[in-house]
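J.: Dropping in final_21.txt, which is compact mmCIF, C-alpha atoms:
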# COMPACT_ATOMS: atom_id res chain seq x y z
CA MET A 2 142.06 121.54 48.90
CA ALA A 3 141.15 117.90 48.35
CA GLU A 4 142.51 116.29 45.22
CA LEU A 5 139.47 114.80 43.48
CA LEU A 6 139.73 112.07 40.89
CA ALA A 7 137.28 111.84 38.01
CA LYS A 8 136.07 108.24 37.85
CA SER A 9 133.72 106.65 35.36
CA PRO A 10 130.75 104.77 36.92
CA CYS A 11 132.25 101.36 36.09
CA GLU A 12 135.87 102.27 36.80
CA GLY A 13 137.81 99.17 37.79
CA LEU A 14 134.82 96.89 37.03
CA LEU A 15 134.97 96.58 33.26
CA PRO A 16 135.64 95.23 30.68
CA LYS A 17 134.66 91.58 31.16
CA GLU A 18 134.88 88.83 28.58
CA VAL A 19 133.17 85.45 28.95
CA ASP A 20 133.13 82.90 26.13
CA GLY A 21 132.89 85.44 23.29
CA LEU A 22 130.50 87.70 25.15
CA THR A 23 131.88 91.06 26.16
CA LEU A 24 130.67 93.62 28.63
CA SER A 25 132.28 97.05 28.45
CA GLU A 26 131.62 100.55 29.60
CA ALA A 27 130.37 102.98 26.99
CA LYS A 28 132.53 105.97 26.23
CA ARG A 29 131.69 108.84 28.53
CA ALA A 30 129.13 111.10 26.91
CA THR A 31 127.00 114.08 27.73
CA MET A 32 123.49 112.94 28.64
CA THR A 33 120.56 115.32 28.76
CA SER A 34 116.97 114.40 29.46
CA LEU A 35 114.39 116.22 27.35
CA SER A 36 110.87 116.49 28.74
CA PRO A 37 108.68 118.27 26.21
CA TYR A 38 106.32 120.93 27.49
CA ARG A 39 102.64 120.31 26.98
CA GLY A 40 101.79 120.14 23.30
CA GLN A 41 105.37 120.90 22.24
CA GLU A 42 106.40 117.42 21.07
CA ALA A 43 106.11 118.17 17.36
CA VAL A 44 108.04 121.44 17.54
CA LEU A 45 110.67 119.86 19.77
CA SER A 46 111.05 117.07 17.24
CA ASP A 47 111.63 119.61 14.45
CA VAL A 48 114.23 121.49 16.48
CA LEU A 49 115.97 118.25 17.42
CA LYS A 50 116.08 117.32 13.75
CA THR A 51 117.52 120.67 12.72
CA GLU A 52 120.07 120.83 15.53
CA HIS A 53 121.08 117.21 16.01
CA GLY A 54 119.87 115.42 12.89
CA MET A 55 117.18 113.19 14.37
CA ALA A 56 113.49 113.38 15.14
CA LEU A 57 112.13 112.83 18.64
CA PRO A 58 111.81 109.05 19.05
CA ARG A 59 108.39 107.55 19.76
CA PRO A 60 107.87 105.32 22.81
CA ASN A 61 110.04 102.17 22.74
CA ARG A 62 112.28 103.56 19.98
CA SER A 63 115.60 105.33 19.70
CA ALA A 64 117.01 107.57 16.99
CA GLY A 65 120.43 108.60 15.77
CA LYS A 66 123.63 106.62 16.00
CA GLU A 67 126.81 106.16 18.02
CA GLY A 68 127.95 109.57 19.24
CA ALA A 69 124.57 111.28 18.87
CA ARG A 70 121.62 109.26 19.99
CA ALA A 71 118.16 110.04 21.34
CA VAL A 72 116.66 107.26 23.43
CA TRP A 73 113.04 107.23 24.55
CA PHE A 74 113.36 107.11 28.32
CA GLY A 75 109.89 106.91 29.79
CA GLN A 76 106.61 108.73 29.71
CA ARG A 77 107.20 112.12 28.06
CA GLN A 78 110.97 111.82 28.39
CA VAL A 79 113.81 111.31 25.94
CA MET A 80 117.52 111.06 26.74
CA LEU A 81 119.87 112.81 24.36
CA ILE A 82 123.23 111.05 24.51
CA GLY A 83 126.37 112.52 22.99
CA PRO A 84 126.00 116.08 21.80
CA ASP A 85 125.81 119.12 24.02
CA PRO A 86 122.13 120.07 23.69
CA ALA A 87 121.29 123.02 21.47
CA VAL A 88 120.06 126.00 23.50
CA SER A 89 116.92 126.27 21.34
CA LEU A 90 115.69 122.90 22.69
CA ALA A 91 115.06 124.60 26.02
CA ASP A 92 112.23 126.66 24.47
CA HIS A 93 110.15 123.52 24.07
CA ALA A 94 111.31 121.10 26.75
CA ALA A 95 112.76 120.91 30.24
CA LEU A 96 116.42 119.98 29.88
CA THR A 97 118.34 118.27 32.67
CA ASP A 98 121.99 117.32 32.59
CA GLN A 99 122.21 113.67 33.62
CA SER A 100 125.74 112.93 32.41
CA ASP A 101 126.94 111.76 35.82
CA ALA A 102 123.75 109.97 36.81
CA TRP A 103 123.88 106.81 34.73
CA ALA A 104 126.15 103.83 34.30
CA VAL A 105 126.13 102.91 30.62
CA VAL A 106 127.41 99.50 29.57
CA LEU A 107 127.52 97.61 26.29
CA LEU A 108 126.81 93.89 26.09
CA GLU A 109 128.02 92.36 22.86
CA GLY A 110 128.36 89.01 21.19
CA GLU A 111 126.37 86.07 19.92
CA GLY A 112 123.95 85.07 22.67
CA ALA A 113 123.66 88.49 24.30
CA GLU A 114 119.87 87.93 24.21
CA ASP A 115 120.32 84.74 26.25
CA VAL A 116 122.19 86.67 28.90
CA LEU A 117 119.46 89.29 29.14
CA ALA A 118 116.73 86.62 29.08
CA ARG A 119 118.01 85.53 32.48
CA LEU A 120 117.59 88.99 33.94
CA VAL A 121 114.94 90.98 32.08
CA PRO A 122 111.20 90.13 31.78
CA LEU A 123 111.06 91.06 28.09
CA ASP A 124 111.43 89.21 24.81
CA LEU A 125 114.59 90.84 23.46
CA ARG A 126 115.17 88.42 20.60
CA ARG A 127 115.93 90.04 17.27
CA GLU A 128 112.51 89.22 15.77
CA HIS A 129 110.79 91.25 18.48
CA PHE A 130 113.41 93.74 19.55
CA LYS A 131 115.17 95.11 16.50
CA LYS A 132 118.05 97.52 16.13
CA GLY A 133 116.88 100.91 17.36
CA HIS A 134 114.24 99.45 19.66
CA THR A 135 114.46 100.47 23.29
CA ALA A 136 112.63 99.64 26.51
CA ARG A 137 112.43 100.79 30.08
CA SER A 138 112.28 97.66 32.16
CA GLN A 139 113.94 95.86 35.03
CA LEU A 140 117.19 93.95 35.22
CA GLN A 141 116.62 91.78 38.28
CA HIS A 142 115.27 94.50 40.60
CA MET A 143 117.00 97.46 38.99
CA MET A 144 115.27 99.91 36.72
CA VAL A 145 117.13 100.02 33.43
CA SER A 146 116.97 101.34 29.90
CA ILE A 147 117.85 98.74 27.28
CA THR A 148 118.47 99.62 23.63
CA ARG A 149 119.57 97.37 20.81
CA VAL A 150 122.32 99.42 19.18
CA GLY A 151 123.64 96.68 16.89
CA ASP A 152 122.83 93.21 15.60
CA ALA A 153 124.30 91.60 18.71
CA ARG A 154 124.94 94.68 20.76
CA PHE A 155 122.87 96.12 23.61
CA GLN A 156 123.25 99.37 25.49
CA ILE A 157 122.13 99.02 29.11
CA MET A 158 121.74 102.01 31.42
CA ALA A 159 121.23 101.83 35.17
CA PHE A 160 121.54 104.34 37.99
CA ARG A 161 125.18 105.11 38.58
CA SER A 162 124.87 104.08 42.23
CA MET A 163 123.93 100.58 41.02
CA ALA A 164 126.91 100.17 38.65
CA LYS A 165 128.58 97.43 40.67
CA THR A 166 125.34 95.45 41.01
CA LEU A 167 124.65 95.88 37.30
CA VAL A 168 128.05 94.50 36.35
CA HIS A 169 127.75 91.69 38.90
CA GLU A 170 124.33 90.55 37.66
CA LEU A 171 125.41 90.66 34.02
CA GLU A 172 128.64 88.79 34.69
CA ILE A 173 126.83 86.01 36.57
CA ALA A 174 124.35 85.66 33.70
CA MET A 175 127.18 85.67 31.10
CA LYS A 176 128.92 82.86 32.98
CA GLY A 177 125.63 80.97 33.24
CA VAL A 178 125.05 81.16 29.50
CA ALA A 179 128.66 80.09 28.82
CA ALA A 180 128.34 77.15 31.20
CA ARG A 181 125.11 76.04 29.55
CA ARG A 182 126.80 76.14 26.14
CA ALA A 183 129.75 74.09 27.38
CA SER A 184 127.60 71.35 28.91
CA MET B 7 99.82 88.04 35.27
CA ARG B 8 100.52 90.50 32.51
CA LEU B 9 99.29 94.07 32.18
CA THR B 10 99.20 96.18 29.06
CA CYS B 11 100.78 99.54 29.66
CA PRO B 12 99.13 102.04 27.28
CA VAL B 13 102.60 103.48 26.61
CA CYS B 14 104.96 100.46 26.58
CA GLY B 15 102.71 97.56 25.63
CA GLU B 16 102.14 94.23 27.38
CA ARG B 17 104.51 93.73 30.28
CA ASP B 18 105.16 91.38 33.15
CA ARG B 19 103.40 92.10 36.44
CA ARG B 20 106.72 92.54 38.27
CA GLU B 21 107.31 95.86 36.49
CA PHE B 22 104.20 97.30 38.15
CA TYR B 23 103.49 98.70 41.58
CA TYR B 24 100.01 98.11 42.98
CA MET B 25 98.33 101.12 44.55
CA GLY B 26 94.87 99.70 45.26
CA ASP B 27 91.36 100.78 44.39
CA ALA B 28 91.19 103.64 41.90
CA VAL B 29 89.46 105.75 44.54
CA ALA B 30 92.15 108.43 44.36
CA LEU B 31 90.64 109.49 41.04
CA ARG B 32 87.42 110.40 42.84
CA ARG B 33 88.78 112.72 45.50
CA PRO B 34 85.86 114.56 47.13
CA ASP B 35 85.50 118.30 47.31
CA PRO B 36 87.36 119.75 50.32
CA GLU B 37 84.04 121.00 51.70
CA ALA B 38 82.16 117.77 51.10
CA GLY B 39 81.80 117.04 54.79
CA ASP B 40 83.05 114.50 57.32
CA ALA B 41 80.90 111.59 56.21
CA VAL B 42 82.05 111.80 52.59
CA TRP B 43 85.71 112.18 53.58
CA ASP B 44 85.45 109.35 56.09
CA ASP B 45 84.07 107.13 53.35
CA TYR B 46 86.79 108.23 50.91
CA LEU B 47 89.59 107.58 53.38
CA HIS B 48 88.50 104.38 55.06
CA ASN B 49 85.81 102.44 53.23
CA ARG B 50 86.57 100.13 50.34
CA ASP B 51 84.47 97.62 48.49
CA ASN B 52 85.83 94.12 48.17
CA PRO B 53 84.14 93.06 44.96
CA ALA B 54 83.93 89.53 43.66
CA GLY B 55 83.99 90.49 40.02
CA VAL B 56 84.98 93.59 38.12
CA THR B 57 87.15 96.08 39.97
CA ARG B 58 89.22 99.12 39.08
CA ASP B 59 92.72 99.54 40.50
CA LEU B 60 95.53 102.01 40.16
CA TRP B 61 98.89 100.57 39.16
CA GLN B 62 102.11 102.34 38.36
CA HIS B 63 104.47 101.14 35.66
CA GLU B 64 107.26 101.71 38.12
CA GLY B 65 109.85 99.50 36.46
CA GLY B 66 108.99 100.88 33.03
CA CYS B 67 107.85 104.25 31.75
CA GLY B 68 106.52 105.50 35.10
CA ALA B 69 102.90 105.95 33.97
CA TRP B 70 99.97 105.59 36.36
CA ILE B 71 97.44 103.18 34.91
CA VAL B 72 93.82 102.42 35.69
CA VAL B 73 93.37 98.67 35.34
CA THR B 74 89.88 97.18 35.08
CA ARG B 75 90.04 93.51 36.00
CA ASN B 76 87.89 90.68 37.23
CA THR B 77 88.84 89.26 40.61
CA MET B 78 86.88 86.05 39.92
CA THR B 79 88.37 85.14 36.54
CA HIS B 80 91.64 87.11 36.74
CA GLU B 81 90.85 88.63 33.36
CA VAL B 82 92.34 92.04 32.69
CA LEU B 83 89.56 93.83 30.85
CA GLU B 84 90.97 97.26 30.19
CA THR B 85 93.94 99.50 30.92
CA ALA B 86 94.05 103.27 30.52
CA LEU B 87 96.37 106.07 31.48
CA ALA B 88 95.18 107.65 34.71
CA SER B 89 95.95 111.06 33.19
CA ASP B 90 93.47 110.32 30.38
CA VAL B 91 90.84 109.06 32.80
CA LYS B 92 91.17 111.93 35.22
CA GLY B 93 91.80 114.70 32.72
CA SER B 94 94.90 115.71 30.86
CA VAL B 95 98.04 116.52 32.80
CA GLY B 96 100.08 117.06 29.67
Could you write out this file's structure as structure tokens?

T.:
Amino acid sequence: MAELLAKSPCEGLLPKEVDGLTLSEAKRATMTSLSPYRGQEAVLSDVLKTEHGMALPRPNRSAGKEGARAVWFGQRQVMLIGPDPAVSLADHAALTDQSDAWAVVLLEGEGAEDVLARLVPLDLRREHFKKGHTARSQLQHMMVSITRVGDARFQIMAFRSMAKTLVHELEIAMKGVAARRAS
Amino acid sequence: MRLTCPVCGERDRREFYYMGDAVALRRPDPEAGDAVWDDYLHNRDNPAGVTRDLWQHEGGCGAWIVVTRNTMTHEVLETALASDVKGSVG
């Protein structure tokens, strides 16, 4: 039988460090999408609170913290990142295991907004995009989920198949920002 | 050009996919007859002025949006979820 190796989406690509900005791969976590059944949002929110300690986030918001986070992920969809989902959630929402589907990276450091400003058509500065805010948008031509998880710390999720492109685009932008600072 | 997604808020045009006239929301009855179906499939107005299009927030939340805009002034007059316009899909 073939010997298979478990590889993370960004294996061999990260971490990268450019002029105080760091790009690293997030710790592997269970990811489950929750799509509430019609009219079940409120009940689902209560169950999520009881089981995992956070309410269902509204559009453009995330809830929870490192290790157990719920990120709004599109129309009528929330991604639960970290905990194994409680069975009772399945009474109110369609649950799909997406743990292997996404490359999750963390961009950190002073000027992380400047890096993303080169790639994403959104105003992600702290005044507009605060800790806990999230957005589905594009990074160049890739669909991504971007969440501010710290003062100068962003979580960026892209399709796993696009991991190399994601890292490439971010590294180019990091170098661009560093070069602009140096000049 | 910027469009306001009813779910996400105001976003850049590049996040959206353009479908065309919002005719798909007025699908005729299957028994409506050849003339009605021919018109539905092939004939489109080309208005100088207010028009209604379907757009999808493809690079964002995925919602289908009915955009009312003016082709003369480029004003975007109104955006609404297609599911709200057509009837609830959940």

J.: Considering all atoms listed in the file, can you say which of B:Asp51, B:Asp44, B:Glu64, B:Asp90 comes closest to Gly26 (chain B)?

T.: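 Distance minimum relative to Gly26 (chain B) lands on B:Asp51.
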
J.: Please return, as a PyMOL selection string, all residues of chain B lying within 12 Å of chain A when only C-alpha atoms are considered.

T.: chain B and resi 8+11-22+62-71+87+89+94-96

J.: Which of these residues is nearest to Val29 (chain B), using all atoms listed in the file: B:Val42, B:Asp59, B:Thr77, B:Asn52?

T.: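 Result for the nearest residue to Val29 (chain B): B:Asp59.
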
J.: For Gly55 (chain B), list every protein, DNA or RNA residue within 10 Å, evaluated using all atoms listed in the file, and leave out those in the same chain fewer than 4 positions away; present the list as a list of chain:residue names.

T.: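 Everything that qualifies: B:Arg75, B:Asn76, B:Thr77, B:Met78, B:Thr79, B:His80, B:Glu81.
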
J.: Around (117.5, 110.9, 20.8) in the file's own coordinates, what residues are found within 8 Å if you use all atoms listed in the file, given back as a list in words?

T.: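 Here the neighbourhood of the point contains Met55, Ala56, Leu57, Pro58, Ser63, Ala64, Gly65, Ala69, Arg70, Ala71, Val72, Trp73, Val79, Met80, Leu81 and Ile82 of chain A.
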
J.: Work out how far apart CA of Ala43 (chain A) and CA of Gly68 (chain A) are and give it in Å to one decimal.

T.: 23.5 Å

J.: Between CA of Asp152 (chain A) and CA of Ala30 (chain A), what is the spacing in Å?

T.: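 Answer for the CA of Ala30 (chain A) to CA of Asp152 (chain A) separation: 22.1 Å.
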
J.: Could you please determine the separation between CA of Leu60 (chain B) and CA of Tyr46 (chain B) in Å, to one decimal place?

T.: 15.2 Å

J.: Write out as a PyMOL selection string each polymer residue whose atoms come within 9 Å of Val105 (chain A), counting all atoms listed in the file; drop sequence neighbours fewer than 3 positions from it.

T.: chain A and resi 10-11+25-29+156-161+164

J.: For Ala113 (chain A), list every protein, DNA or RNA residue within 10 Å, evaluated using all atoms listed in the file, and leave out those in the same chain fewer than 5 positions away; present the list as number ranges by chain.

T.: A: 21-24, 108, 118, 125-126, 152-155, 174-175, 178

J.: Box along x, y and z, 5 Å on every side, all listed atoms of region 130-147 of chain A inside: centre and edge lengths in Å to one decimal, as JSON.

T.:
{"center_x": 115.2, "center_y": 96.6, "center_z": 28.4, "size_x": 15.8, "size_y": 19.6, "size_z": 34.5}

J.: Which polymer residues have any atom within 9 Å of an atom of Trp43 (chain B), counting only C-alpha atoms, with same-chain residues fewer than 6 positions away left out, as a PyMOL selection string?

T.: chain B and resi 33-36

J.: Pull C-alpha atoms from the residues just selected and write them as an mmCIF file, in the frame of the given file.

T.:
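File part.cif, as written:
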data_model
loop_
_atom_site.group_PDB
_atom_site.id
_atom_site.type_symbol
_atom_site.label_atom_id
_atom_site.label_comp_id
_atom_site.auth_asym_id
_atom_site.auth_seq_id
_atom_site.Cartn_x
_atom_site.Cartn_y
_atom_site.Cartn_z
ATOM 1 C CA ARG B 33 88.780 112.720 45.500
ATOM 2 C CA PRO B 34 85.860 114.560 47.130
ATOM 3 C CA ASP B 35 85.500 118.300 47.310
ATOM 4 C CA PRO B 36 87.360 119.750 50.320
#

J.: Tell me which of A:Ala104, A:Ala183, A:Val116, A:Ile147 sits closest to Lys8 (chain A), counting only C-alpha atoms.

T.: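 Among the listed residues, A:Ala104 lies closest to Lys8 (chain A).
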
J.: Measuring between all atoms listed in the file, which one of A:Asp115, A:Thr135, A:Glu109, A:Arg62 shows the shortest distance to Gly151 (chain A)?

T.: A:Glu109

J.: Model the absent atoms of region 63-94 of chain B so that N, CA and C atoms are present, and write the result as a tab-separated table (two decimals), keeping the file's coordinate frame.

T.:
chain	number	residue	atom	x	y	z
B	63	HIS	N	103.46	101.87	36.42
B	63	HIS	CA	104.47	101.14	35.66
B	63	HIS	C	105.85	101.59	36.14
B	64	GLU	N	106.09	101.23	37.39
B	64	GLU	CA	107.26	101.71	38.12
B	64	GLU	C	108.58	101.28	37.47
B	65	GLY	N	108.63	100.02	37.06
B	65	GLY	CA	109.85	99.50	36.46
B	65	GLY	C	109.90	99.76	34.96
B	66	GLY	N	109.01	100.60	34.47
B	66	GLY	CA	108.99	100.88	33.03
B	66	GLY	C	108.97	102.38	32.79
B	67	CYS	N	107.88	102.85	32.17
B	67	CYS	CA	107.85	104.25	31.75
B	67	CYS	C	107.42	105.19	32.86
B	68	GLY	N	106.91	104.65	33.97
B	68	GLY	CA	106.52	105.50	35.10
B	68	GLY	C	105.06	105.91	35.10
B	69	ALA	N	104.29	105.50	34.08
B	69	ALA	CA	102.90	105.95	33.97
B	69	ALA	C	102.01	105.33	35.04
B	70	TRP	N	101.03	106.10	35.50
B	70	TRP	CA	99.97	105.59	36.36
B	70	TRP	C	98.85	105.07	35.46
B	71	ILE	N	98.38	103.87	35.79
B	71	ILE	CA	97.44	103.18	34.91
B	71	ILE	C	96.22	102.73	35.70
B	72	VAL	N	95.05	102.95	35.11
B	72	VAL	CA	93.82	102.42	35.69
B	72	VAL	C	93.56	101.06	35.04
B	73	VAL	N	93.56	100.02	35.85
B	73	VAL	CA	93.37	98.67	35.34
B	73	VAL	C	91.98	98.18	35.76
B	74	THR	N	91.18	97.80	34.79
B	74	THR	CA	89.88	97.18	35.08
B	74	THR	C	90.06	95.67	34.95
B	75	ARG	N	89.81	94.96	36.05
B	75	ARG	CA	90.04	93.51	36.00
B	75	ARG	C	88.96	92.79	36.78
B	76	ASN	N	88.90	91.50	36.58
B	76	ASN	CA	87.89	90.68	37.23
B	76	ASN	C	88.56	89.81	38.28
B	77	THR	N	88.18	90.00	39.54
B	77	THR	CA	88.84	89.26	40.61
B	77	THR	C	88.42	87.79	40.64
B	78	MET	N	87.34	87.45	39.95
B	78	MET	CA	86.88	86.05	39.92
B	78	MET	C	87.64	85.27	38.85
B	79	THR	N	87.80	85.87	37.67
B	79	THR	CA	88.37	85.14	36.54
B	79	THR	C	89.83	85.53	36.27
B	80	HIS	N	90.30	86.56	36.95
B	80	HIS	CA	91.64	87.11	36.74
B	80	HIS	C	91.84	87.74	35.36
B	81	GLU	N	90.74	87.95	34.65
B	81	GLU	CA	90.85	88.63	33.36
B	81	GLU	C	91.22	90.10	33.57
B	82	VAL	N	92.10	90.61	32.73
B	82	VAL	CA	92.34	92.04	32.69
B	82	VAL	C	91.52	92.59	31.54
B	83	LEU	N	90.54	93.41	31.86
B	83	LEU	CA	89.56	93.83	30.85
B	83	LEU	C	89.97	95.08	30.11
B	84	GLU	N	90.62	95.99	30.82
B	84	GLU	CA	90.97	97.26	30.19
B	84	GLU	C	92.07	97.96	30.97
B	85	THR	N	92.95	98.65	30.26
B	85	THR	CA	93.94	99.50	30.92
B	85	THR	C	93.91	100.87	30.26
B	86	ALA	N	94.05	101.90	31.06
B	86	ALA	CA	94.05	103.27	30.52
B	86	ALA	C	94.97	104.13	31.36
B	87	LEU	N	95.54	105.13	30.73
B	87	LEU	CA	96.37	106.07	31.48
B	87	LEU	C	95.51	106.84	32.46
B	88	ALA	N	95.95	106.92	33.70
B	88	ALA	CA	95.18	107.65	34.71
B	88	ALA	C	95.01	109.10	34.30
B	89	SER	N	96.03	109.66	33.62
B	89	SER	CA	95.95	111.06	33.19
B	89	SER	C	94.83	111.25	32.16
B	90	ASP	N	94.57	110.24	31.34
B	90	ASP	CA	93.47	110.32	30.38
B	90	ASP	C	92.12	110.17	31.08
B	91	VAL	N	92.08	109.31	32.09
B	91	VAL	CA	90.84	109.06	32.80
B	91	VAL	C	90.44	110.28	33.62
B	92	LYS	N	91.42	110.84	34.28
B	92	LYS	CA	91.17	111.93	35.22
B	92	LYS	C	91.10	113.29	34.52
B	93	GLY	N	91.69	113.40	33.38
B	93	GLY	CA	91.80	114.70	32.72
B	93	GLY	C	93.26	114.94	32.42
B	94	SER	N	93.54	115.62	31.34
B	94	SER	CA	94.90	115.71	30.86
B	94	SER	C	95.83	116.43	31.84
